[in-house]
file work.txt (compact mmCIF, C-alpha atoms)
# COMPACT_ATOMS: atom_id res chain seq x y z
CA MET A 1 -83.97 -4.06 -15.41
CA SER A 2 -80.89 -3.46 -13.24
CA LYS A 3 -79.10 -0.18 -13.92
CA GLY A 4 -75.67 1.00 -12.96
CA VAL A 5 -72.53 2.88 -13.86
CA LEU A 6 -69.25 1.16 -14.72
CA LEU A 7 -65.86 2.87 -14.51
CA PHE A 8 -62.42 1.66 -15.62
CA ALA A 9 -59.33 2.60 -13.61
CA HIS A 10 -55.79 1.49 -14.46
CA ASN A 11 -53.25 3.63 -12.64
CA ASN A 12 -50.00 4.81 -14.15
CA ARG A 13 -47.12 6.52 -12.38
CA GLN A 14 -48.46 9.98 -13.12
CA ILE A 15 -52.24 9.66 -12.85
CA ASP A 16 -54.12 8.12 -9.96
CA TYR A 17 -57.17 6.88 -11.83
CA VAL A 18 -58.48 5.02 -8.79
CA ARG A 19 -58.85 8.17 -6.70
CA MET A 20 -60.43 9.88 -9.70
CA SER A 21 -62.82 6.94 -10.05
CA ILE A 22 -63.85 7.25 -6.39
CA LEU A 23 -64.77 10.87 -7.01
CA ALA A 24 -66.58 10.09 -10.28
CA ALA A 25 -68.42 7.21 -8.62
CA ARG A 26 -69.53 9.22 -5.59
CA LEU A 27 -70.85 12.00 -7.83
CA ALA A 28 -72.64 9.57 -10.15
CA ASN A 29 -74.11 7.66 -7.25
CA LYS A 30 -75.39 10.84 -5.61
CA ASN A 31 -76.83 12.43 -8.73
CA LEU A 32 -78.01 9.42 -10.75
CA GLN A 33 -79.07 7.31 -7.76
CA VAL A 34 -77.65 4.08 -9.19
CA PRO A 35 -74.85 1.78 -8.02
CA VAL A 36 -71.39 2.20 -9.49
CA SER A 37 -68.90 -0.61 -10.14
CA LEU A 38 -65.21 -0.54 -10.97
CA VAL A 39 -63.07 -2.49 -13.42
CA THR A 40 -59.41 -2.49 -12.46
CA ASP A 41 -56.31 -4.71 -12.56
CA PRO A 42 -54.11 -6.58 -10.04
CA SER A 43 -51.30 -3.99 -9.95
CA THR A 44 -53.77 -1.18 -9.35
CA MET A 45 -55.40 -3.31 -6.63
CA ASP A 46 -51.97 -3.69 -5.00
CA TRP A 47 -51.61 0.07 -5.02
CA ILE A 48 -55.09 0.43 -3.46
CA LYS A 49 -53.98 -1.83 -0.60
CA GLU A 50 -50.62 -0.09 -0.16
CA SER A 51 -52.29 3.31 -0.07
CA ASN A 52 -54.74 2.27 2.62
CA ILE A 53 -57.75 3.31 0.57
CA GLU A 54 -59.17 -0.21 0.29
CA LYS A 55 -62.07 0.54 2.63
CA ASN A 56 -62.83 3.75 0.75
CA VAL A 57 -62.88 1.77 -2.51
CA THR A 58 -65.07 -1.05 -1.17
CA ASP A 59 -67.46 1.47 0.44
CA THR A 60 -67.77 3.39 -2.83
CA PHE A 61 -68.21 0.63 -5.35
CA ASP A 62 -71.01 -1.85 -5.71
CA LYS A 63 -68.70 -4.41 -7.29
CA ILE A 64 -64.98 -4.44 -8.04
CA ILE A 65 -64.09 -6.44 -11.13
CA ILE A 66 -60.43 -7.35 -11.47
CA THR A 67 -59.21 -8.02 -14.96
CA GLN A 68 -55.94 -8.25 -16.81
CA ARG A 69 -54.24 -4.92 -17.31
CA PRO A 70 -54.30 -3.98 -21.02
CA GLU A 71 -50.89 -4.05 -22.65
CA ASP A 72 -50.70 -0.39 -23.53
CA THR A 73 -47.18 0.45 -22.42
CA LYS A 74 -46.36 1.77 -25.89
CA ASN A 75 -49.54 3.83 -25.98
CA ILE A 76 -47.99 7.00 -24.60
CA LYS A 77 -50.03 10.15 -24.27
CA ASN A 78 -49.00 13.66 -23.30
CA TYR A 79 -51.13 14.53 -20.31
CA ARG A 80 -51.38 18.31 -20.20
CA ASP A 81 -51.76 20.48 -17.17
CA GLY A 82 -52.20 23.97 -18.54
CA SER A 83 -48.97 24.57 -20.44
CA ASN A 84 -47.08 21.63 -18.87
CA ASN A 85 -46.81 18.23 -20.57
CA THR A 86 -46.34 14.89 -18.83
CA PRO A 87 -45.96 11.79 -21.00
CA ALA A 88 -47.48 8.63 -19.51
CA PRO A 89 -49.05 5.35 -20.68
CA PHE A 90 -52.66 5.74 -21.77
CA THR A 91 -54.06 2.48 -20.42
CA ASN A 92 -57.63 2.26 -21.57
CA GLY A 93 -57.53 -0.30 -24.36
CA ASN A 94 -59.98 -2.70 -22.72
CA ARG A 95 -63.18 -0.66 -22.86
CA PHE A 96 -64.64 -3.18 -25.31
CA SER A 97 -64.75 -5.64 -22.38
CA VAL A 98 -67.43 -3.55 -20.67
CA TRP A 99 -70.10 -5.86 -22.11
CA GLU A 100 -68.46 -8.88 -20.51
CA HIS A 101 -67.69 -7.21 -17.17
CA THR A 102 -70.80 -5.21 -16.44
CA PRO A 103 -72.95 -6.58 -13.63
CA TYR A 104 -75.94 -4.54 -14.87
CA GLU A 105 -78.52 -5.08 -17.59
CA ARG A 106 -78.43 -1.38 -18.50
CA THR A 107 -74.98 0.19 -18.10
CA LEU A 108 -73.60 3.67 -18.28
CA MET A 109 -69.85 3.51 -18.91
CA MET A 110 -68.08 6.77 -18.16
CA ASP A 111 -64.55 8.16 -18.08
CA THR A 112 -63.27 8.85 -14.58
CA ASP A 113 -62.66 12.52 -15.45
CA TYR A 114 -66.36 13.01 -16.25
CA LEU A 115 -67.95 14.73 -13.27
CA THR A 116 -71.67 14.00 -12.96
CA LEU A 117 -73.04 17.09 -11.26
CA THR A 118 -76.69 16.70 -12.35
CA ASP A 119 -79.27 13.97 -12.89
CA ASN A 120 -79.53 14.77 -16.62
CA LEU A 121 -78.29 11.35 -17.71
CA SER A 122 -81.15 9.73 -15.78
CA GLN A 123 -83.45 10.75 -18.65
CA TYR A 124 -81.74 8.16 -20.84
CA TRP A 125 -82.02 4.93 -18.84
CA ASP A 126 -85.36 3.97 -20.38
CA VAL A 127 -84.80 5.22 -23.91
CA ASP A 128 -85.66 2.56 -26.46
CA ALA A 129 -82.14 2.20 -27.84
CA ASP A 130 -79.70 -0.64 -27.19
CA LEU A 131 -76.66 1.58 -27.48
CA MET A 132 -76.16 5.32 -27.09
CA ILE A 133 -72.90 7.22 -27.39
CA SER A 134 -72.25 10.94 -27.18
CA PRO A 135 -72.19 12.28 -30.71
CA CYS A 136 -69.85 15.18 -30.17
CA TYR A 137 -67.46 17.22 -28.14
CA ASN A 138 -68.86 20.46 -26.76
CA ASP A 139 -66.06 22.80 -25.77
CA ILE A 140 -66.82 25.07 -22.83
CA GLN A 141 -65.94 28.13 -24.91
CA GLY A 142 -67.61 27.01 -28.11
CA MET A 143 -66.84 26.05 -31.67
CA GLU A 144 -63.98 28.54 -32.05
CA ARG A 145 -61.76 26.24 -29.97
CA THR A 146 -63.07 23.03 -31.54
CA GLY A 147 -60.82 21.62 -34.25
CA TYR A 148 -61.82 19.33 -37.11
CA LEU A 149 -60.10 16.43 -35.33
CA ASP A 150 -62.39 16.93 -32.34
CA THR A 151 -65.36 16.17 -34.56
CA HIS A 152 -63.88 13.73 -37.10
CA ILE A 153 -61.46 10.82 -36.74
CA SER A 154 -59.18 12.39 -39.37
CA GLU A 155 -59.05 15.14 -41.97
CA THR A 156 -60.82 12.85 -44.44
CA GLY A 157 -62.50 10.48 -42.02
CA ILE A 158 -65.92 9.84 -40.58
CA GLU A 159 -67.55 11.82 -37.78
CA MET A 160 -66.19 11.02 -34.36
CA LEU A 161 -68.31 9.84 -31.48
CA TRP A 162 -67.09 10.47 -27.93
CA ALA A 163 -66.85 7.31 -25.85
CA THR A 164 -66.60 9.41 -22.68
CA THR A 165 -70.16 8.33 -21.89
CA VAL A 166 -71.70 5.19 -23.39
CA MET A 167 -75.01 3.65 -22.35
CA PHE A 168 -76.09 0.20 -23.45
CA THR A 169 -78.34 -2.75 -22.73
CA LYS A 170 -76.58 -6.07 -22.36
CA ASN A 171 -77.98 -8.13 -25.25
CA GLU A 172 -76.85 -9.89 -28.41
CA THR A 173 -76.94 -6.71 -30.50
CA THR A 174 -74.59 -4.83 -28.21
CA LYS A 175 -72.34 -7.90 -27.92
CA VAL A 176 -71.79 -7.68 -31.67
CA PHE A 177 -70.90 -4.00 -31.27
CA PHE A 178 -68.35 -4.49 -28.48
CA ASP A 179 -66.86 -7.56 -30.21
CA LEU A 180 -66.38 -5.38 -33.26
CA VAL A 181 -64.69 -2.68 -31.15
CA GLU A 182 -62.28 -5.35 -29.88
CA HIS A 183 -61.60 -6.48 -33.44
CA ILE A 184 -60.88 -2.89 -34.51
CA LYS A 185 -58.48 -2.49 -31.59
CA THR A 186 -56.69 -5.70 -32.58
CA LYS A 187 -56.43 -4.57 -36.22
CA TYR A 188 -55.98 -0.88 -35.44
CA LYS A 189 -53.24 -0.30 -38.03
CA MET A 190 -55.30 -1.91 -40.80
CA TYR A 191 -58.36 0.16 -39.89
CA SER A 192 -56.20 3.29 -39.84
CA ASP A 193 -55.42 2.62 -43.51
CA VAL A 194 -59.06 1.99 -44.39
CA TYR A 195 -60.45 4.91 -42.38
CA ARG A 196 -57.42 7.17 -42.86
CA PHE A 197 -56.65 8.14 -39.26
CA ASN A 198 -53.41 8.45 -37.30
CA PRO A 199 -52.86 5.17 -35.41
CA THR A 200 -50.02 6.42 -33.18
CA LEU A 201 -52.22 6.66 -30.10
CA TYR A 202 -55.00 4.12 -29.55
CA ARG A 203 -58.27 5.94 -28.93
CA ASN A 204 -61.54 4.31 -27.93
CA ASP A 205 -63.39 7.22 -29.50
CA ILE A 206 -62.08 6.16 -32.90
CA SER A 207 -62.77 2.42 -32.44
CA PHE A 208 -66.30 3.13 -31.21
CA SER A 209 -66.92 5.53 -34.10
CA ILE A 210 -65.79 2.98 -36.69
CA ALA A 211 -67.77 0.14 -35.10
CA ASN A 212 -70.86 2.33 -35.06
CA HIS A 213 -70.27 3.35 -38.69
CA ILE A 214 -69.88 -0.27 -39.84
CA LEU A 215 -72.92 -1.54 -37.94
CA ASN A 216 -75.05 1.29 -39.32
CA GLY A 217 -74.36 0.04 -42.84
CA TYR A 218 -71.35 2.33 -43.43
CA GLN A 219 -73.34 5.50 -43.06
CA ASN A 220 -74.19 8.19 -40.56
CA THR A 221 -77.66 7.69 -39.18
CA LYS A 222 -79.78 9.86 -36.98
CA ASP A 223 -80.41 7.85 -33.88
CA TYR A 224 -80.71 8.27 -30.14
CA SER A 225 -77.55 9.49 -28.50
CA LEU A 226 -76.37 10.72 -25.14
CA PRO A 227 -75.84 14.46 -24.60
CA ASP A 228 -72.77 16.19 -26.05
CA ILE A 229 -69.66 15.95 -23.92
CA PHE A 230 -69.41 19.37 -22.30
CA SER A 231 -65.67 19.64 -21.82
CA THR A 232 -62.83 21.72 -20.58
CA ALA A 233 -59.59 20.96 -22.43
CA ASP A 234 -56.43 19.71 -20.75
CA LYS A 235 -54.84 23.11 -21.36
CA ASP A 236 -57.58 24.66 -19.18
CA ILE A 237 -57.13 24.71 -15.44
CA LEU A 238 -59.62 23.97 -12.69
CA VAL A 239 -58.44 26.46 -10.07
CA ASP A 240 -61.05 26.25 -7.34
CA VAL A 241 -64.29 24.67 -6.21
CA ASN A 242 -66.50 26.84 -4.08
CA GLU A 243 -70.17 26.49 -3.11
CA ASN A 244 -71.04 24.11 -5.91
CA ARG A 245 -69.15 26.21 -8.47
CA LEU A 246 -66.15 24.93 -10.39
CA LYS A 247 -63.92 27.83 -11.28
CA PHE A 248 -61.89 27.35 -14.49
CA LEU A 249 -59.24 29.29 -16.32
CA ILE A 250 -59.95 28.77 -20.01
CA SER A 251 -56.89 28.83 -22.23
CA GLN A 252 -56.72 31.48 -24.94
CA PRO A 253 -54.21 32.16 -27.70
CA ASN A 254 -51.00 33.96 -26.57
CA ASN A 255 -50.89 32.03 -23.28
CA GLU A 256 -53.73 34.04 -21.79
CA TYR A 257 -56.66 32.74 -19.78
CA VAL A 258 -60.29 33.73 -19.29
CA ALA A 259 -62.02 32.87 -16.03
CA THR A 260 -65.41 31.21 -15.85
CA THR A 261 -67.47 29.02 -13.55
CA VAL A 262 -69.58 25.90 -14.03
CA SER A 263 -72.28 24.79 -11.63
CA ASN A 264 -75.02 22.17 -11.78
CA LYS A 265 -73.81 20.90 -15.13
CA ASP A 266 -72.03 17.66 -15.97
CA VAL A 267 -68.51 18.43 -17.08
CA HIS A 268 -65.61 16.51 -18.59
CA VAL A 269 -62.41 17.86 -17.01
CA MET A 270 -59.56 16.70 -19.22
CA ASN A 271 -56.88 18.26 -17.02
CA LYS A 272 -56.61 15.38 -14.57
CA PHE A 273 -53.88 17.04 -12.52
CA SER A 274 -56.22 19.91 -11.71
CA ILE A 275 -58.91 17.42 -10.59
CA MET A 276 -56.39 15.95 -8.15
CA ARG A 277 -55.35 19.37 -6.85
CA ASN A 278 -59.00 20.13 -6.02
CA TYR A 279 -59.87 16.60 -4.99
CA ASP A 280 -61.06 17.26 -1.43
CA LYS A 281 -63.26 20.17 -2.46
CA LEU A 282 -64.73 18.14 -5.34
CA MET A 283 -65.45 15.28 -2.94
CA GLU A 284 -67.53 17.68 -0.86
CA LEU A 285 -69.88 18.00 -3.84
CA ALA A 286 -70.56 14.28 -3.55
CA GLN A 287 -71.65 14.48 0.11
CA MET B 288 -53.61 56.02 -24.10
CA GLN B 289 -52.24 53.00 -22.23
CA GLU B 290 -54.97 53.36 -19.60
CA GLN B 291 -57.66 53.33 -22.32
CA LEU B 292 -56.13 50.25 -23.88
CA ASP B 293 -55.98 48.48 -20.51
CA LYS B 294 -59.65 49.30 -19.94
CA ALA B 295 -60.57 47.99 -23.38
CA LEU B 296 -58.66 44.75 -22.78
CA GLU B 297 -60.28 44.35 -19.38
CA PHE B 298 -63.69 44.83 -20.97
CA ALA B 299 -62.84 42.30 -23.69
CA ASN B 300 -61.85 39.84 -20.98
CA TYR B 301 -65.16 40.48 -19.21
CA ARG B 302 -67.12 39.97 -22.45
CA GLN B 303 -65.39 36.65 -23.07
CA SER B 304 -66.20 35.44 -19.57
CA PHE B 305 -69.76 36.66 -20.03
CA ALA B 306 -70.11 34.80 -23.35
CA ILE B 307 -68.87 31.53 -21.82
CA GLN B 308 -71.15 31.89 -18.78
CA ARG B 309 -74.14 32.59 -21.04
CA LYS B 310 -73.37 29.60 -23.29
CA THR B 311 -73.00 27.31 -20.28
CA LEU B 312 -76.26 28.57 -18.76
CA LYS B 313 -78.16 28.11 -22.03
CA GLU B 314 -76.94 24.51 -22.34
CA LYS B 315 -77.74 23.82 -18.70
CA ILE B 316 -81.33 24.89 -19.26
CA ASP B 317 -81.47 22.99 -22.53
CA ALA B 318 -80.55 19.79 -20.65
CA LYS B 319 -83.31 20.46 -18.13
CA LEU B 320 -85.76 20.71 -21.01
CA THR B 321 -84.85 17.23 -22.25
CA TYR B 322 -87.43 14.71 -21.11
CA GLY B 323 -87.17 10.95 -21.38
CA PHE B 324 -90.62 9.37 -21.59
CA SER B 325 -91.84 5.92 -22.55
CA GLY B 326 -88.69 4.99 -24.46
CA GLY B 327 -88.45 8.30 -26.32
CA ILE B 328 -86.72 11.62 -25.78
CA PHE B 329 -88.66 14.87 -25.97
CA LYS B 330 -87.38 18.41 -26.19
CA ILE B 331 -89.77 20.55 -24.18
CA ASN B 332 -90.31 23.67 -26.24
CA ARG B 333 -93.18 25.95 -27.24
CA SER B 334 -94.05 23.72 -30.17
CA LEU B 335 -94.50 20.60 -28.02
CA LEU B 336 -96.37 22.52 -25.31
CA ASN B 337 -98.77 24.02 -27.86
CA PHE B 338 -99.33 20.76 -29.68
CA VAL B 339 -100.12 18.84 -26.51
CA GLU B 340 -102.42 21.58 -25.22
CA MET B 341 -104.20 21.70 -28.59
CA LEU B 342 -104.77 17.91 -28.55
CA ILE B 343 -106.27 18.13 -25.08
CA ALA B 344 -108.46 21.06 -26.14
CA LYS B 345 -109.70 18.89 -29.02
CA GLY B 346 -110.58 16.10 -26.61
CA ARG B 347 -107.72 13.77 -27.64
CA THR B 348 -106.56 12.89 -24.14
CA GLU B 349 -105.82 9.16 -24.37
CA ASN B 350 -103.65 6.91 -26.55
CA VAL B 351 -102.07 9.68 -28.56
CA VAL B 352 -98.95 9.17 -30.65
CA ILE B 353 -96.40 11.99 -30.47
CA LEU B 354 -93.15 12.09 -32.44
CA ASP B 355 -90.04 12.58 -30.30
CA VAL B 356 -86.73 14.30 -31.11
CA ASN B 357 -85.80 11.54 -33.54
CA ASP B 358 -89.28 11.55 -35.12
CA ASN B 359 -89.92 8.17 -33.57
CA PRO B 360 -93.57 7.53 -32.62
CA ILE B 361 -94.16 7.40 -28.88
CA LEU B 362 -97.50 6.32 -27.46
CA VAL B 363 -98.76 8.56 -24.67
CA GLU B 364 -101.58 6.70 -22.97
CA LYS B 365 -102.72 9.56 -20.73
CA LEU B 366 -101.99 12.95 -22.23
CA GLU B 367 -103.02 15.20 -19.32
CA PRO B 368 -100.37 13.95 -16.86
CA PHE B 369 -97.83 14.20 -19.70
CA ARG B 370 -98.94 17.82 -20.30
CA ASP B 371 -98.67 18.63 -16.60
CA GLU B 372 -95.18 17.15 -16.41
CA ILE B 373 -93.80 19.04 -19.43
CA PHE B 374 -95.42 22.32 -18.32
CA ASP B 375 -93.95 21.90 -14.86
CA ARG B 376 -90.48 21.19 -16.24
CA TYR B 377 -90.75 24.08 -18.70
CA PHE B 378 -91.67 26.64 -16.06
CA THR B 379 -89.09 25.40 -13.55
CA ALA B 380 -86.34 25.54 -16.17
CA THR B 381 -87.29 28.88 -17.70
CA PHE B 382 -87.67 30.60 -14.31
CA GLU B 383 -84.23 29.33 -13.37
CA TYR B 384 -82.96 30.59 -16.73
CA LEU B 385 -84.42 34.04 -16.09
CA GLU B 386 -83.03 34.22 -12.58
CA GLN B 387 -79.53 33.11 -13.59
CA TYR B 388 -79.52 35.22 -16.76
CA GLN B 389 -80.40 38.36 -14.84
CA LYS B 390 -77.58 37.65 -12.42
CA ILE B 391 -74.95 37.31 -15.14
CA LYS B 392 -76.33 40.35 -16.97
CA LYS B 393 -76.04 42.48 -13.86
CA ALA B 394 -72.51 41.29 -13.12
CA ARG B 395 -70.25 44.02 -14.48
CA SER B 396 -66.87 42.49 -13.80
CA VAL B 397 -65.21 39.11 -14.16
CA GLU B 398 -65.07 38.83 -10.37
CA THR B 399 -68.82 39.24 -9.94
CA LEU B 400 -69.53 36.97 -12.92
CA LEU B 401 -67.64 34.20 -11.18
CA GLU B 402 -69.90 34.49 -8.16
CA VAL B 403 -73.03 33.75 -10.21
call {"tool": "encode", "arguments": {"input": "work.txt", "output": "structure tokens"}}
result
Amino acid sequence: MSKGVLLFAHNNRQIDYVRMSILAARLANKNLQVPVSLVTDPSTMDWIKESNIEKNVTDTFDKIIITQRPEDTKNIKNYRDGSNNTPAPFTNGNRFSVWEHTPYERTLMMDTDYLTLTDNLSQYWDVDADLMISPCYNDIQGMERTGYLDTHISETGIEMLWATTVMFTKNETTKVFFDLVEHIKTKYKMYSDVYRFNPTLYRNDISFSIANHILNGYQNTKDYSLPDIFSTADKDILVDVNENRLKFLISQPNNEYVATTVSNKDVHVMNKFSIMRNYDKLMELAQ
Amino acid sequence: MQEQLDKALEFANYRQSFAIQRKTLKEKIDAKLTYGFSGGIFKINRSLLNFVEMLIAKGRTENVVILDVNDNPILVEKLEPFRDEIFDRYFTATFEYLEQYQKIKKARSVETLLEV
């Protein structure tokens, strides 16, 4: 069975998802020892050519799949960088198309801000489950910083899965799942009424959670899942990368920070600006 | 008085960093003790190690069914290589845990903690 990682990158004016995807791909390729492919769009491809990183992109990725850019211009998210906010389009509404686009029989779809620094996910390639999603968010500091809306889709809603990492086998069962995710995206407002969540910002986590809930017979079931998403929040700051150690400032109440390091552990770095500031040093980890 | 307060706040800051480092280390080791085998996922812990060793001691070394983390039945055709693999992973992970834990315990300031 062919195995590989698939990343999605649709640039906006503030975030260079393609450069982030190169980093994520190099790390995944080094640590998981599988090929990595990219799904992107024509305008992002134009930017790749203009920026003279085409060779870097073609050298990094096994396959480059060009698709239509999702129409998410009204899906505006506040990208945080510590205490600063930058509003920008959140263009990720086509994750359901992973089933159609993947060139692999067994696929690991990941966010481009998920840094694979270990081979831990390799344990899951051969698990006897068609679809596995991370069941929860695992804040670097612990539960005290984890809000109810990090674990549930709303105050009264179902438990939230984290679509940051999703592994699946391409078969008829998973096609039904991803078709359902697409349907939920299309009817997002209606589902927000049924499942009682805020539809202002489209989130894959919510669509995937609802699809999983429906296909499990409208109940939570104990099944195979990927590891928790070990995360630093976007209000945290990656300040340095040194000898395999990622040094973070972890945000505390009263605008204070606590310093800590992470090494040899997969980590979801939500502060994308701080990834870009440390890009060259992070790339050294992928050598 | 101010100096005492500053020292207390500095120590609190150190303890917070220490707690985060310890949590991260524990989870790192926990991931290393997760073992994918024959379509199942096993958590390598004392219970699994003891159970497998007991089966081997009783002469049940082939075609044994063991329940994984989801209580799904997984057929282990040859139990001894399975035992060797989980023992190896357990000792590698726990020795790393000990080594790293001692380092963060000995670090008495945030600066030294960050070097671990």
call {"tool": "atom_distance", "arguments": {"input": "work.txt", "atom1": "CA of Leu131 in chain A", "atom2": "CA of Ile373 in chain B"}}
result
25.8 Å
call {"tool": "interface_residues", "arguments": {"input": "work.txt", "of": "chain A", "to": "chain B", "cutoff": "8 Å", "atoms": "all atoms listed in the file", "output": "number ranges by chain"}}
result
A: 120, 123-124, 126-129, 140-142, 222-224, 247, 258-262, 264-265
call {"tool": "atom_distance", "arguments": {"input": "work.txt", "atom1": "CA of Ile65 in chain A", "atom2": "CA of Leu32 in chain A"}}
result
21.1 Å
call {"tool": "residues_around", "arguments": {"input": "work.txt", "residues": "range 39-50 of chain A", "least_positions_apart": "2", "cutoff": "8 Å", "atoms": "all atoms listed in the file", "output": "list of chain:residue names"}}
result
A:Leu6, A:Leu7, A:Phe8, A:Ala9, A:His10, A:Asn11, A:Val18, A:Ser37, A:Asn52, A:Ile53, A:Glu54, A:Val57, A:Ile64, A:Ile65, A:Ile66, A:Thr67, A:Gln68, A:Arg69, A:His101
call {"tool": "residues_near_point", "arguments": {"input": "work.txt", "point": "(-52.1, 15.4, -11.2)", "cutoff": "9 Å", "atoms": "only C-alpha atoms", "output": "ChimeraX atom specification"}}
result
/A:14-16,81,271-277
call {"tool": "atom_distance", "arguments": {"input": "work.txt", "atom1": "CA of Asp113 in chain A", "atom2": "CA of Val269 in chain A"}}
result
5.6 Å
call {"tool": "axis_aligned_box", "arguments": {"input": "work.txt", "around": "range 142-151 of chain A", "padding_each_side": "4 Å", "output": "JSON"}}
result
{"center_x": -63.9, "center_y": 22.4, "center_z": -32.6, "size_x": 15.5, "size_y": 20.4, "size_z": 17.0}
call {"tool": "closest_residue", "arguments": {"input": "work.txt", "among": "B:Arg347, B:Lys365, B:Arg395, B:Lys313", "to": "Ala380 in chain B", "atoms": "only C-alpha atoms"}}
result
B:Lys313
call {"tool": "closest_residue", "arguments": {"input": "work.txt", "among": "A:Asp59, A:Glu71, A:Ile133, A:Ser2", "to": "Asn94 in chain A", "atoms": "all atoms listed in the file"}}
result
A:Glu71
call {"tool": "closest_residue", "arguments": {"input": "work.txt", "among": "B:Gln291, B:Leu385, B:Leu354, B:Val339", "to": "Pro368 in chain B", "atoms": "all atoms listed in the file"}}
result
B:Val339
call {"tool": "residues_around", "arguments": {"input": "work.txt", "residues": "Leu180 in chain A", "least_positions_apart": "2", "cutoff": "10 Å", "atoms": "all atoms listed in the file", "output": "JSON, numbers by chain"}}
result
{"A": [96, 174, 175, 176, 177, 178, 182, 183, 184, 185, 186, 207, 208, 210, 211, 212, 214, 215]}
call {"tool": "decode", "arguments": {"input": "work.txt", "residues": "range 338-356 of chain B", "atoms": "N, CA and C atoms", "output": "compact mmCIF listing (two decimals), in the first residue's frame"}}
result
# COMPACT_ATOMS: atom_id res chain seq x y z
N PHE B 338 2.11 -9.27 31.43
CA PHE B 338 1.18 -10.21 30.82
C PHE B 338 1.89 -11.05 29.75
N VAL B 339 2.66 -10.37 28.92
CA VAL B 339 3.36 -11.08 27.83
C VAL B 339 4.40 -12.03 28.42
N GLU B 340 5.12 -11.58 29.42
CA GLU B 340 6.15 -12.43 30.03
C GLU B 340 5.49 -13.65 30.71
N MET B 341 4.34 -13.42 31.32
CA MET B 341 3.63 -14.52 31.98
C MET B 341 3.17 -15.57 30.95
N LEU B 342 2.65 -15.09 29.81
CA LEU B 342 2.21 -16.02 28.76
C LEU B 342 3.37 -16.87 28.28
N ILE B 343 4.51 -16.24 28.09
CA ILE B 343 5.70 -16.97 27.62
C ILE B 343 6.13 -17.99 28.68
N ALA B 344 6.09 -17.55 29.95
CA ALA B 344 6.47 -18.46 31.04
C ALA B 344 5.53 -19.68 31.09
N LYS B 345 4.29 -19.46 30.67
CA LYS B 345 3.30 -20.56 30.66
C LYS B 345 3.37 -21.38 29.38
N GLY B 346 4.29 -21.04 28.51
CA GLY B 346 4.46 -21.81 27.28
C GLY B 346 3.57 -21.39 26.13
N ARG B 347 2.82 -20.27 26.31
CA ARG B 347 1.94 -19.78 25.23
C ARG B 347 2.75 -18.81 24.37
N THR B 348 3.49 -19.32 23.42
CA THR B 348 4.40 -18.46 22.66
C THR B 348 3.95 -18.22 21.22
N GLU B 349 2.92 -18.91 20.77
CA GLU B 349 2.48 -18.73 19.38
C GLU B 349 0.97 -18.53 19.30
N ASN B 350 0.56 -17.73 18.31
CA ASN B 350 -0.86 -17.48 18.05
C ASN B 350 -1.63 -17.09 19.31
N VAL B 351 -1.19 -16.02 19.89
CA VAL B 351 -1.83 -15.51 21.11
C VAL B 351 -2.61 -14.25 20.74
N VAL B 352 -3.80 -14.12 21.32
CA VAL B 352 -4.58 -12.90 21.08
C VAL B 352 -4.39 -11.96 22.27
N ILE B 353 -3.98 -10.73 21.97
CA ILE B 353 -3.82 -9.72 23.03
C ILE B 353 -4.71 -8.53 22.68
N LEU B 354 -5.37 -7.97 23.69
CA LEU B 354 -6.23 -6.81 23.46
C LEU B 354 -5.38 -5.54 23.44
N ASP B 355 -5.65 -4.67 22.47
CA ASP B 355 -4.84 -3.45 22.37
C ASP B 355 -5.49 -2.30 23.14
N VAL B 356 -5.06 -1.08 22.89
CA VAL B 356 -5.57 0.07 23.67
C VAL B 356 -7.07 0.27 23.53
